[in-house]
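Structure file start_31.txt with compact mmCIF, C-alpha atoms:
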# COMPACT_ATOMS: atom_id res chain seq x y z
CA MET A 10 27.76 1.22 4.68
CA ALA A 11 25.91 0.00 7.76
CA PHE A 12 22.54 1.61 8.25
CA THR A 13 20.94 2.36 11.59
CA TRP A 14 17.15 2.26 11.41
CA LYS A 15 15.55 5.31 13.00
CA ASP A 16 13.04 5.48 15.79
CA ASN A 17 10.14 7.91 15.65
CA GLY A 18 12.02 10.63 17.48
CA GLN A 19 14.88 10.88 14.97
CA ILE A 20 13.24 10.52 11.63
CA PHE A 21 13.51 13.75 9.68
CA LYS A 22 17.13 14.87 9.99
CA GLY A 23 20.41 13.10 9.51
CA GLU A 24 20.74 9.62 8.09
CA GLY A 25 17.45 8.07 7.06
CA ILE A 26 15.43 6.37 4.32
CA TYR A 27 12.23 8.06 3.24
CA HIS A 28 9.29 7.55 0.91
CA LEU A 29 7.96 10.84 -0.48
CA THR A 30 4.74 11.27 -2.44
CA PHE A 31 4.27 14.54 -4.35
CA VAL A 32 0.81 15.20 -5.80
CA VAL A 33 0.15 17.68 -8.61
CA SER A 34 -2.14 20.45 -7.40
CA GLY A 35 -5.71 19.64 -8.39
CA ARG A 36 -4.63 16.14 -9.43
CA ARG A 37 -4.03 17.41 -12.97
CA ALA A 38 -2.45 14.80 -15.24
CA LEU A 39 0.49 17.00 -16.28
CA LEU A 40 3.42 14.61 -15.87
CA GLY A 41 2.47 12.05 -18.51
CA GLN A 42 -0.07 9.52 -19.73
CA LEU A 43 -0.76 6.04 -18.40
CA LEU A 44 -0.41 3.49 -21.20
CA PRO A 45 -0.63 -0.30 -21.46
CA ILE A 46 2.81 -1.83 -21.81
CA GLU A 47 2.01 -2.95 -25.40
CA ARG A 48 2.05 0.69 -26.47
CA SER A 49 5.47 1.49 -25.05
CA ARG A 50 9.02 0.25 -25.54
CA ALA A 51 10.08 1.81 -22.24
CA TYR A 52 10.43 -1.57 -20.53
CA SER A 53 11.48 -3.71 -23.49
CA ARG A 54 14.21 -6.09 -22.32
CA PHE A 55 15.96 -5.97 -25.71
CA HIS A 56 15.35 -2.91 -27.87
CA ALA A 57 14.32 -3.68 -31.45
CA ASP A 58 13.09 -1.02 -33.89
CA THR A 59 11.40 -3.72 -35.94
CA LEU A 60 9.18 -4.86 -33.05
CA PRO A 61 5.59 -3.69 -33.74
CA LEU A 62 4.15 -1.39 -31.11
CA ASN A 63 1.05 -3.56 -30.77
CA THR A 64 3.03 -6.72 -29.95
CA SER A 65 1.67 -8.15 -26.72
CA PRO A 66 3.86 -9.56 -23.92
CA ALA A 67 2.40 -12.99 -24.63
CA GLN A 68 3.61 -12.80 -28.24
CA SER A 69 7.16 -11.76 -27.54
CA GLY A 70 9.72 -12.50 -24.84
CA ARG A 71 11.20 -9.07 -25.39
CA PHE A 72 8.79 -7.42 -22.96
CA THR A 73 8.61 -7.30 -19.21
CA ASN A 74 5.62 -8.85 -17.46
CA ARG A 75 4.43 -5.41 -16.35
CA LEU A 76 0.99 -4.21 -17.39
CA ALA A 77 1.43 -0.47 -17.86
CA THR A 78 3.85 2.44 -17.88
CA THR A 79 3.76 6.23 -17.76
CA ALA A 80 4.66 7.92 -21.05
CA LEU A 81 6.21 11.13 -19.73
CA SER A 82 5.20 14.56 -20.96
CA GLU A 83 7.83 17.25 -21.53
CA LEU A 84 7.14 18.46 -18.00
CA GLY A 85 7.51 14.89 -16.72
CA PHE A 86 10.94 14.57 -18.36
CA ARG A 87 12.12 17.85 -16.89
CA VAL A 88 10.80 16.95 -13.41
CA THR A 89 12.65 13.61 -13.63
CA HIS A 90 15.89 15.36 -14.61
CA HIS A 91 15.43 17.86 -11.76
CA LEU A 92 14.85 15.00 -9.33
CA MET A 93 18.02 13.14 -10.30
CA GLN A 94 20.04 16.34 -9.82
CA LEU A 95 19.35 16.04 -6.09
CA GLU A 96 22.08 13.42 -5.87
CA THR A 97 24.76 15.79 -7.20
CA ARG A 98 23.40 18.82 -5.35
CA TYR A 99 24.29 17.28 -2.00
CA GLU A 100 27.67 15.82 -2.94
CA ASP A 101 30.63 16.39 -0.65
CA PRO A 102 32.88 18.82 -2.61
CA LEU A 103 35.96 17.39 -0.90
CA ARG A 104 35.13 13.81 -1.94
CA PRO A 105 33.17 13.39 -5.17
CA PRO A 106 31.33 10.04 -5.23
CA SER A 107 32.67 7.17 -7.29
CA GLY A 108 29.39 5.23 -7.13
CA ASN A 109 26.14 4.78 -5.19
CA VAL A 110 28.04 3.74 -2.06
CA ASP A 111 29.71 7.17 -1.78
CA LYS A 112 26.64 9.32 -2.49
CA ARG A 113 25.42 11.37 0.45
CA LEU A 114 21.89 11.32 -0.98
CA GLN A 115 20.71 8.50 -3.20
CA ILE A 116 17.46 8.08 -5.16
CA CYS A 117 16.71 4.40 -4.55
CA GLY A 118 13.44 4.34 -6.49
CA LYS A 119 11.19 6.73 -8.36
CA GLN A 120 7.98 6.56 -10.34
CA LEU A 121 6.21 9.38 -12.13
CA MET A 122 2.48 8.95 -12.57
CA PRO A 123 0.29 11.32 -14.60
CA ASP A 124 -0.75 13.29 -11.50
CA HIS A 125 1.77 12.38 -8.80
CA LEU A 126 5.32 11.29 -8.11
CA HIS A 127 6.77 8.68 -5.74
CA VAL A 128 10.40 8.87 -4.60
CA VAL A 129 12.40 6.66 -2.24
CA VAL A 130 15.37 8.64 -0.89
CA TRP A 131 18.30 7.39 1.18
CA VAL A 132 20.02 10.22 3.04
CA LYS A 133 23.36 8.72 4.05
CA ASP A 134 24.84 11.62 5.95
CA ASP A 135 23.84 14.70 7.93
CA LEU A 136 23.36 17.20 5.11
CA GLY A 137 22.61 20.09 7.43
CA VAL A 138 18.98 20.17 6.26
CA SER A 139 15.97 17.99 7.02
CA ILE A 140 14.13 15.82 4.52
CA ARG A 141 11.31 18.37 4.64
CA GLN A 142 13.73 21.10 3.52
CA ILE A 143 15.05 18.87 0.75
CA ALA A 144 11.49 18.23 -0.42
CA GLN A 145 10.66 21.94 -0.28
CA GLY A 146 13.73 22.75 -2.40
CA PHE A 147 12.58 20.19 -4.97
CA ARG A 148 9.07 21.74 -5.04
CA ILE A 149 10.57 25.19 -5.62
CA GLY A 150 12.59 23.84 -8.53
CA VAL A 151 9.54 22.18 -10.08
CA ARG A 152 7.61 25.44 -9.73
CA LYS A 153 10.36 27.29 -11.65
CA ILE A 154 10.20 24.67 -14.41
CA ALA A 155 6.40 25.01 -14.64
CA VAL A 156 6.68 28.83 -14.84
CA GLU A 157 9.31 28.57 -17.59
CA MET A 158 7.03 26.25 -19.57
CA GLY A 159 4.02 28.53 -19.15
CA ILE A 160 2.10 25.98 -17.08
CA LEU A 161 2.09 28.31 -14.06
CA LYS A 162 2.08 32.07 -13.78
CA ARG A 163 4.60 33.72 -11.50
CA GLU A 164 1.88 34.74 -9.06
CA ASP A 165 0.52 31.18 -8.84
CA GLY A 166 1.35 28.80 -6.02
CA HIS A 167 3.30 25.55 -6.25
CA LEU A 168 2.64 22.94 -8.92
CA LEU A 169 3.23 20.17 -6.34
CA GLU A 170 1.39 20.03 -3.05
CA ILE A 171 3.28 19.62 0.24
CA PRO A 172 4.45 15.99 0.09
CA TYR A 173 3.51 13.10 2.31
CA ILE A 174 6.74 11.82 3.90
CA ARG A 175 6.98 8.34 5.34
CA THR A 176 10.03 7.13 7.23
CA LEU A 177 11.19 3.57 6.64
CA SER A 178 11.86 2.33 10.14
CA HIS A 179 12.79 -1.35 9.94
CA LYS A 180 14.70 -3.87 7.88
CA GLY A 181 12.92 -5.18 4.81
CA GLN A 182 10.85 -2.03 4.19
CA LEU A 183 13.24 -0.59 1.60
CA ARG A 184 12.87 -3.47 -0.87
CA ARG A 185 9.10 -3.62 -0.40
CA MET A 186 8.74 0.14 -0.83
CA ILE A 187 10.82 0.20 -4.01
CA ASP A 188 8.68 -2.63 -5.42
CA TYR A 189 5.52 -0.73 -4.48
CA VAL A 190 6.75 2.48 -6.12
CA HIS A 191 7.68 0.70 -9.36
CA ALA A 192 4.35 -1.18 -9.40
CA ASN A 193 2.29 2.03 -9.39
CA PRO A 194 1.52 2.03 -13.15
CA ASP A 195 0.35 -1.60 -12.97
CA ASN A 196 -1.83 -0.87 -9.96
CA ALA A 197 -3.36 2.19 -11.63
CA TRP A 198 -4.01 0.20 -14.79
CA MET A 199 -5.76 -2.52 -12.81
CA ARG A 200 -7.99 0.11 -11.20
CA LYS A 201 -8.80 1.42 -14.68
CA LEU A 202 -9.65 -2.05 -15.98
CA HIS A 203 -11.66 -3.11 -12.92
CA PRO A 204 -13.14 0.04 -11.34
CA ASP A 205 -15.92 -1.97 -9.70
CA LEU A 206 -13.37 -3.89 -7.62
CA TYR A 207 -11.80 -0.67 -6.33
CA THR A 208 -15.03 1.12 -5.44
CA ILE A 209 -15.88 1.74 -1.77
CA ARG A 210 -19.46 0.63 -1.21
CA ARG A 211 -21.03 2.22 1.84
CA SER A 212 -23.42 0.74 4.41
CA ARG A 213 -23.74 -2.73 2.92
CA SER A 214 -26.01 -5.00 4.98
CA ILE A 215 -24.33 -8.35 5.64
CA ALA A 216 -25.44 -10.88 8.27
CA GLY A 217 -27.63 -8.28 9.92
CA LEU A 218 -24.73 -5.84 10.35
CA ARG A 219 -23.51 -2.84 8.34
CA PHE A 220 -20.15 -2.54 6.58
CA ASP A 221 -18.28 -0.39 4.11
CA THR A 222 -16.72 -2.75 1.58
CA MET A 223 -14.37 -3.03 -1.37
CA GLY A 224 -13.45 -5.91 -3.65
CA LYS A 225 -15.14 -9.11 -4.81
CA GLU A 226 -18.32 -9.46 -2.75
CA ARG A 227 -19.17 -12.76 -4.43
CA LEU A 228 -16.46 -14.39 -2.33
CA LEU A 229 -19.07 -14.39 0.46
CA ASP A 230 -21.22 -16.78 -1.61
CA TYR A 231 -18.73 -19.66 -1.34
CA PRO A 232 -20.13 -22.27 1.08
CA ASP A 233 -16.82 -23.57 2.46
CA THR A 234 -15.27 -20.98 4.79
CA SER A 235 -12.58 -20.82 7.45
CA VAL A 236 -12.31 -18.02 10.03
CA ILE A 237 -8.72 -17.53 11.21
CA ALA A 238 -8.75 -16.32 14.83
CA LEU A 239 -5.50 -17.36 16.50
CA SER A 240 -4.13 -16.90 19.99
CA ARG A 241 -1.53 -14.19 20.50
CA SER A 242 0.61 -16.65 22.48
CA LEU A 243 1.31 -19.12 19.67
CA THR A 244 4.93 -20.13 19.16
CA PRO A 245 6.59 -19.75 15.72
CA GLU A 246 6.25 -23.51 15.27
CA GLN A 247 2.54 -23.38 16.04
CA ILE A 248 2.06 -20.47 13.67
CA ALA A 249 3.83 -22.39 10.91
CA ALA A 250 1.48 -25.33 11.51
CA GLU A 251 -1.55 -23.02 11.31
CA VAL A 252 -0.26 -21.59 8.04
CA GLN A 253 0.11 -25.05 6.51
CA HIS A 254 -3.36 -26.07 7.70
CA ALA A 255 -4.91 -22.91 6.22
CA LEU A 256 -3.14 -23.53 2.89
CA TRP A 257 -4.35 -27.14 2.89
CA LYS A 258 -7.94 -25.97 3.30
CA ALA A 259 -7.54 -23.19 0.70
CA ARG A 260 -6.30 -25.70 -1.90
CA ARG A 261 -9.60 -27.54 -1.40
CA GLY A 262 -11.68 -24.47 -2.18
CA CYS A 263 -12.09 -23.00 1.30
CA ILE A 264 -12.36 -19.18 1.52
CA THR A 265 -10.22 -17.73 4.31
CA TYR A 266 -11.72 -15.04 6.56
CA THR A 267 -9.41 -13.05 8.85
CA ALA A 268 -8.95 -9.73 10.63
CA ALA A 269 -5.16 -10.25 10.40
CA ILE A 270 -4.62 -8.66 13.83
CA ASN A 271 -1.81 -10.60 15.53
CA GLU A 272 1.36 -12.13 14.10
CA GLY A 273 -0.16 -15.57 13.58
CA GLU A 274 -3.17 -14.23 11.70
CA LYS A 275 -0.94 -11.97 9.59
CA ALA A 276 1.25 -14.95 8.70
CA VAL A 277 -1.77 -16.94 7.52
CA ALA A 278 -3.13 -13.99 5.52
CA ARG A 279 0.28 -13.43 3.90
CA ALA A 280 0.66 -17.11 2.96
CA ILE A 281 -2.86 -17.31 1.51
CA ARG A 282 -2.35 -14.14 -0.52
CA GLU A 283 1.08 -15.12 -1.82
CA ALA A 284 -0.23 -18.54 -2.87
CA GLY A 285 -2.94 -16.84 -4.93
CA PHE A 286 -5.96 -17.94 -2.90
CA PRO A 287 -8.91 -15.62 -2.07
CA LEU A 288 -9.23 -13.72 1.19
CA VAL A 289 -11.99 -11.94 3.10
CA VAL A 290 -10.36 -9.36 5.40
CA MET A 291 -11.90 -7.31 8.21
CA MET A 292 -10.42 -3.78 8.33
CA LEU A 293 -10.72 -2.31 11.81
CA ARG A 294 -9.15 0.99 10.75
CA GLY A 295 -11.82 1.50 8.11
CA PHE A 296 -11.93 3.43 4.84
CA PRO A 297 -11.48 7.19 4.41
CA SER A 298 -14.55 9.33 5.08
CA GLU A 299 -17.09 9.55 2.29
CA GLY A 300 -16.68 12.51 -0.05
CA THR A 301 -13.01 13.15 0.77
CA GLU A 302 -10.15 13.14 -1.71
CA ALA A 303 -8.59 10.29 0.26
CA ALA A 304 -11.70 8.18 -0.35
CA ARG A 305 -11.71 9.02 -4.04
CA TYR A 306 -8.16 7.74 -4.55
CA PHE A 307 -8.18 4.99 -1.93
CA HIS A 308 -6.92 1.54 -2.88
CA PRO A 309 -5.78 -1.47 -0.84
CA GLY A 310 -2.24 -1.40 0.49
CA MET A 311 0.80 -2.70 -1.32
CA VAL A 312 0.37 -6.41 -0.69
CA TYR A 313 -3.39 -6.48 -1.34
CA HIS A 314 -3.57 -4.32 -4.47
CA GLU A 315 -2.96 -7.11 -6.98
CA ALA A 316 -5.27 -9.50 -5.15
CA CYS A 317 -8.06 -6.92 -5.27
CA GLY A 318 -7.69 -6.32 -9.02
CA GLU A 319 -7.73 -10.06 -9.69
CA GLY A 320 -10.93 -10.58 -7.71
CA ARG A 321 -9.24 -12.49 -4.88
CA LEU A 322 -9.97 -10.00 -2.09
CA PHE A 323 -12.98 -8.66 -0.23
CA LEU A 324 -12.48 -5.97 2.43
CA LEU A 325 -15.03 -5.10 5.11
CA SER A 326 -14.97 -2.20 7.55
CA PRO A 327 -17.57 -2.38 10.38
CA HIS A 328 -19.86 0.53 11.19
CA PRO A 329 -19.64 1.75 14.81
CA ASP A 330 -23.23 0.76 15.52
CA ASN A 331 -22.35 -2.89 14.84
CA TYR A 332 -20.77 -3.00 18.28
CA LEU A 333 -24.17 -2.24 19.82
CA ALA A 334 -25.88 -5.23 18.16
CA PRO A 335 -27.18 -7.61 20.86
CA GLU A 336 -26.12 -10.76 19.01
CA LEU A 337 -22.57 -9.51 18.51
CA ILE A 338 -22.31 -8.44 22.15
CA ALA A 339 -23.52 -11.85 23.35
CA ARG A 340 -21.12 -13.74 21.07
CA THR A 341 -18.14 -11.56 22.03
CA GLU A 342 -18.84 -11.88 25.76
CA ALA A 343 -19.21 -15.66 25.42
CA THR A 344 -15.87 -15.94 23.60
CA LEU A 345 -14.07 -13.79 26.18
CA ARG A 346 -15.57 -15.84 29.02
CA GLN A 347 -14.51 -19.07 27.32
CA LYS A 348 -10.96 -17.79 26.88
CA ALA A 349 -10.75 -16.83 30.56
CA GLU A 350 -12.13 -20.16 31.75
CA ALA A 351 -9.72 -22.06 29.50
CA LYS A 352 -6.91 -20.39 31.47
CA GLY A 353 -8.57 -21.16 34.80
CA LEU A 354 -9.46 -17.52 35.39
CA HIS A 355 -12.66 -15.86 36.50
CA TYR A 356 -14.05 -13.69 33.72
CA HIS A 357 -14.35 -9.99 34.43
CA PRO A 358 -16.19 -8.02 31.69
CA ILE A 359 -14.05 -5.47 29.88
CA PRO A 360 -15.21 -2.17 28.30
CA HIS A 361 -16.76 -2.58 24.88
CA ALA A 362 -14.72 0.36 23.62
CA SER A 363 -11.42 -1.33 24.52
CA THR A 364 -9.08 -2.61 21.81
CA ARG A 365 -9.24 -6.16 23.18
CA TRP A 366 -13.05 -6.27 23.08
CA ARG A 367 -13.12 -4.82 19.53
CA MET A 368 -10.58 -7.39 18.29
CA ILE A 369 -12.64 -10.29 19.61
CA ALA A 370 -15.79 -8.65 18.19
CA ALA A 371 -14.14 -8.40 14.76
CA ASN A 372 -13.58 -12.16 14.68
CA GLU A 373 -17.16 -12.73 15.83
CA MET A 374 -18.43 -10.53 13.00
CA LEU A 375 -16.45 -12.68 10.57
CA ARG A 376 -18.00 -15.82 12.07
CA MET A 377 -21.47 -14.33 11.69
CA ILE A 378 -20.78 -13.51 8.03
CA ALA A 379 -19.30 -16.96 7.42
CA GLY A 380 -22.30 -18.61 9.07
CA LYS A 381 -20.27 -20.12 11.89
In structure tokens, what does this structure look like?
Amino acid sequence: MAFTWKDNGQIFKGEGIYHLTFVVSGRRALLGQLLPIERSRAYSRFHADTLPLNTSPAQSGRFTNRLATTALSELGFRVTHHLMQLETRYEDPLRPPSGNVDKRLQICGKQLMPDHLHVVVWVKDDLGVSIRQIAQGFRIGVRKIAVEMGILKREDGHLLEIPYIRTLSHKGQLRRMIDYVHANPDNAWMRKLHPDLYTIRRSRSIAGLRFDTMGKERLLDYPDTSVIALSRSLTPEQIAAEVQHALWKARRGCITYTAAINEGEKAVARAIREAGFPLVVMMLRGFPSEGTEAARYFHPGMVYHEACGEGRLFLLSPHPDNYLAPELIARTEATLRQKAEAKGLHYHPIPHASTRWRMIAANEMLRMIAGK
């Protein structure tokens, strides 16, 4: 069926595609155990009872190239079964489905982790309830299961916290979100193997400025660097040329620095990452506040997670007082004046708190770090 992507005003009721994350209260690992793929046959391409459990993926073509999986507990199995019953619970009694196309609610992707659950849900019809009500019904069912198993007492609250619900709002998100959900065990295993690369380090002094950081700091030691700061007015052809030039330099050992703000810079960052080259990325949105649960479980987004675990990524988030540094102010003002003069315009200073000024300042910070 044709799908109409939703705008922000129509996201929670009627037809829609949603990513839901349910977290076990207290982050207790009740749903299963994270295991390396060598210790599980769950993703074996061809089942064979004679295949030793300690056979590595490199030794046998029978295994997927995944790193890890979640071995479900009894509770995990029952939660999975309860989840899949959602599809039949919302069937049209007058027209039972003959396949995925006819389902009114379809589970497009799911992944149980020891302490949380990801679900991608496609609501294909107006079910008379919102996605929040569907999620609440699922939580109630999980609570009943936990009470039956003696994990919760009847007077206790819910086993699952109120979920985070994200609406998929444009074409291409569904495939990427399903891939992200299925990659969760691998990402968690990489964090377990390389905890130093996924640790937020606060107030690091770099080039006379302060940053919160994550990833491979040694990338800053490479002498050959390239700061990608592109005009917002580039044509697709010009962006493609910039991408090829950046890849050419990366193949010769150049480390790419970028804030990945506009479409051209994002295209370069994506190409560099997908080609397996290292990246230094300025994060203007920053990391979660120190001491919060969000900071404790923070990791780079979908596309950067693997690069971080493999030591190909270094993230920096500037401290607010960086924007008061005289050298940064002078460099940012000079760049803005140069841009105005290049267009034949008289430069009028803009507020330092404005988005435009901060974007230019981010690129100047990268130049200072890169020694440009």
Non-local contacts of segment 183-191 of chain A (7 Å; all atoms listed in the file; under 6 positions in same chain excluded) as a PyMOL selection string: chain A and resi 118-120+127+129+177+311
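Of the residues under consideration (A:Ile174, A:Val252, A:Met223, A:Ala155), A:Ile174 shows the shortest atom-to-atom contact distance to Gln142 of chain A when counting only C-alpha atoms.
The interatomic distance for the pair atom CA of Thr267 of chain A and atom CA of His357 of chain A works out to 26.2 Å.
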Restricting the calculation to all atoms listed in the file, which member of A:Ile140, A:Ala371, A:Ala192, A:Ile264 is positioned closest to Leu114 of chain A? A:Ile140
Rounded to one decimal, what separation in Å do you get between atom CA of Thr78 of chain A and atom CA of Ile46 of chain A? 5.9 Å
Long-range neighbours of segment 237-240 of chain A as a PyMOL selection string, 8 Å cut-off, only C-alpha atoms, 4 positions minimum in chain: chain A and resi 265-268+271+273-274+277+372
Within 6 Å of segment 203-212 of chain A, counting only C-alpha atoms, which residues qualify if same-chain residues fewer than 3 places away don't, as a PyMOL selection string? chain A and resi 199-200+219-224
Expressed in Å to a single decimal, how great is the separation between atom CA of Val236 of chain A and atom CA of Ile369 of chain A? 12.3 Å
Need the shell around Lys201 of chain A: protein/DNA/RNA residues with any atom at most 12 Å away, counting only C-alpha atoms. Skip same-chain ones fewer than 6 positions apart. Format as a ChimeraX atom specification? /A:43-45,76-77,194-195,207-208,306,308,318
Residues within 12 Å of (-3.1, 9.8, -13.4), file coordinates, counting only C-alpha atoms: what are they? Give the list as a VMD selection string. chain A and resid 32 to 33 35 to 44 78 to 81 120 to 126 193 to 198 200 to 201 306
Any chance you could export the current selection's C-alpha atoms as a PDB file, keeping the file's coordinate frame?
ATOM      1  CA  VAL A  32       0.810  15.200  -5.800  1.00  0.00           C
ATOM      2  CA  VAL A  33       0.150  17.680  -8.610  1.00  0.00           C
ATOM      3  CA  GLY A  35      -5.710  19.640  -8.390  1.00  0.00           C
ATOM      4  CA  ARG A  36      -4.630  16.140  -9.430  1.00  0.00           C
ATOM      5  CA  ARG A  37      -4.030  17.410 -12.970  1.00  0.00           C
ATOM      6  CA  ALA A  38      -2.450  14.800 -15.240  1.00  0.00           C
ATOM      7  CA  LEU A  39       0.490  17.000 -16.280  1.00  0.00           C
ATOM      8  CA  LEU A  40       3.420  14.610 -15.870  1.00  0.00           C
ATOM      9  CA  GLY A  41       2.470  12.050 -18.510  1.00  0.00           C
ATOM     10  CA  GLN A  42      -0.070   9.520 -19.730  1.00  0.00           C
ATOM     11  CA  LEU A  43      -0.760   6.040 -18.400  1.00  0.00           C
ATOM     12  CA  LEU A  44      -0.410   3.490 -21.200  1.00  0.00           C
ATOM     13  CA  THR A  78       3.850   2.440 -17.880  1.00  0.00           C
ATOM     14  CA  THR A  79       3.760   6.230 -17.760  1.00  0.00           C
ATOM     15  CA  ALA A  80       4.660   7.920 -21.050  1.00  0.00           C
ATOM     16  CA  LEU A  81       6.210  11.130 -19.730  1.00  0.00           C
ATOM     17  CA  GLN A 120       7.980   6.560 -10.340  1.00  0.00           C
ATOM     18  CA  LEU A 121       6.210   9.380 -12.130  1.00  0.00           C
ATOM     19  CA  MET A 122       2.480   8.950 -12.570  1.00  0.00           C
ATOM     20  CA  PRO A 123       0.290  11.320 -14.600  1.00  0.00           C
ATOM     21  CA  ASP A 124      -0.750  13.290 -11.500  1.00  0.00           C
ATOM     22  CA  HIS A 125       1.770  12.380  -8.800  1.00  0.00           C
ATOM     23  CA  LEU A 126       5.320  11.290  -8.110  1.00  0.00           C
ATOM     24  CA  ASN A 193       2.290   2.030  -9.390  1.00  0.00           C
ATOM     25  CA  PRO A 194       1.520   2.030 -13.150  1.00  0.00           C
ATOM     26  CA  ASP A 195       0.350  -1.600 -12.970  1.00  0.00           C
ATOM     27  CA  ASN A 196      -1.830  -0.870  -9.960  1.00  0.00           C
ATOM     28  CA  ALA A 197      -3.360   2.190 -11.630  1.00  0.00           C
ATOM     29  CA  TRP A 198      -4.010   0.200 -14.790  1.00  0.00           C
ATOM     30  CA  ARG A 200      -7.990   0.110 -11.200  1.00  0.00           C
ATOM     31  CA  LYS A 201      -8.800   1.420 -14.680  1.00  0.00           C
ATOM     32  CA  TYR A 306      -8.160   7.740  -4.550  1.00  0.00           C
TER      33      TYR A 306
END
Which residues, written as a VMD selection string, have at least one atom at most 7 Å from Leu337 of chain A, with all atoms listed in the file counted and residues fewer than 2 positions away on the same chain left out? chain A and resid 332 334 to 335 339 to 341 370 373 to 374
Give as number ranges by chain the set of residues within 12 Å of the point (18.6, 13.7, -6.9), where distances use the file's coordinates and only C-alpha atoms. A: 88-100, 109, 112-119, 128-132, 143-144, 146-147, 150
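When all atoms listed in the file are used to compute distances to Gln247 of chain A, the closest of the residues A:Ile149, A:Ala276, A:Ile160, A:Ile270 turns out to be A:Ala276.
Compared by their closest atoms to Leu169 of chain A, and using all atoms listed in the file, the residues A:Lys348, A:Lys153, A:His28, A:Arg148 rank with A:Arg148 nearest.
Comparing the minimum interatomic distances between Val151 of chain A and each of A:Arg376, A:His328, A:Lys381, A:Arg87, counting all atoms listed in the file, we find that A:Arg87 sits nearest.
Nearest to Gly85 of chain A of all the residues A:Ile338, A:Met158, A:Gly181, A:Leu29 is A:Met158, based on all atoms listed in the file.
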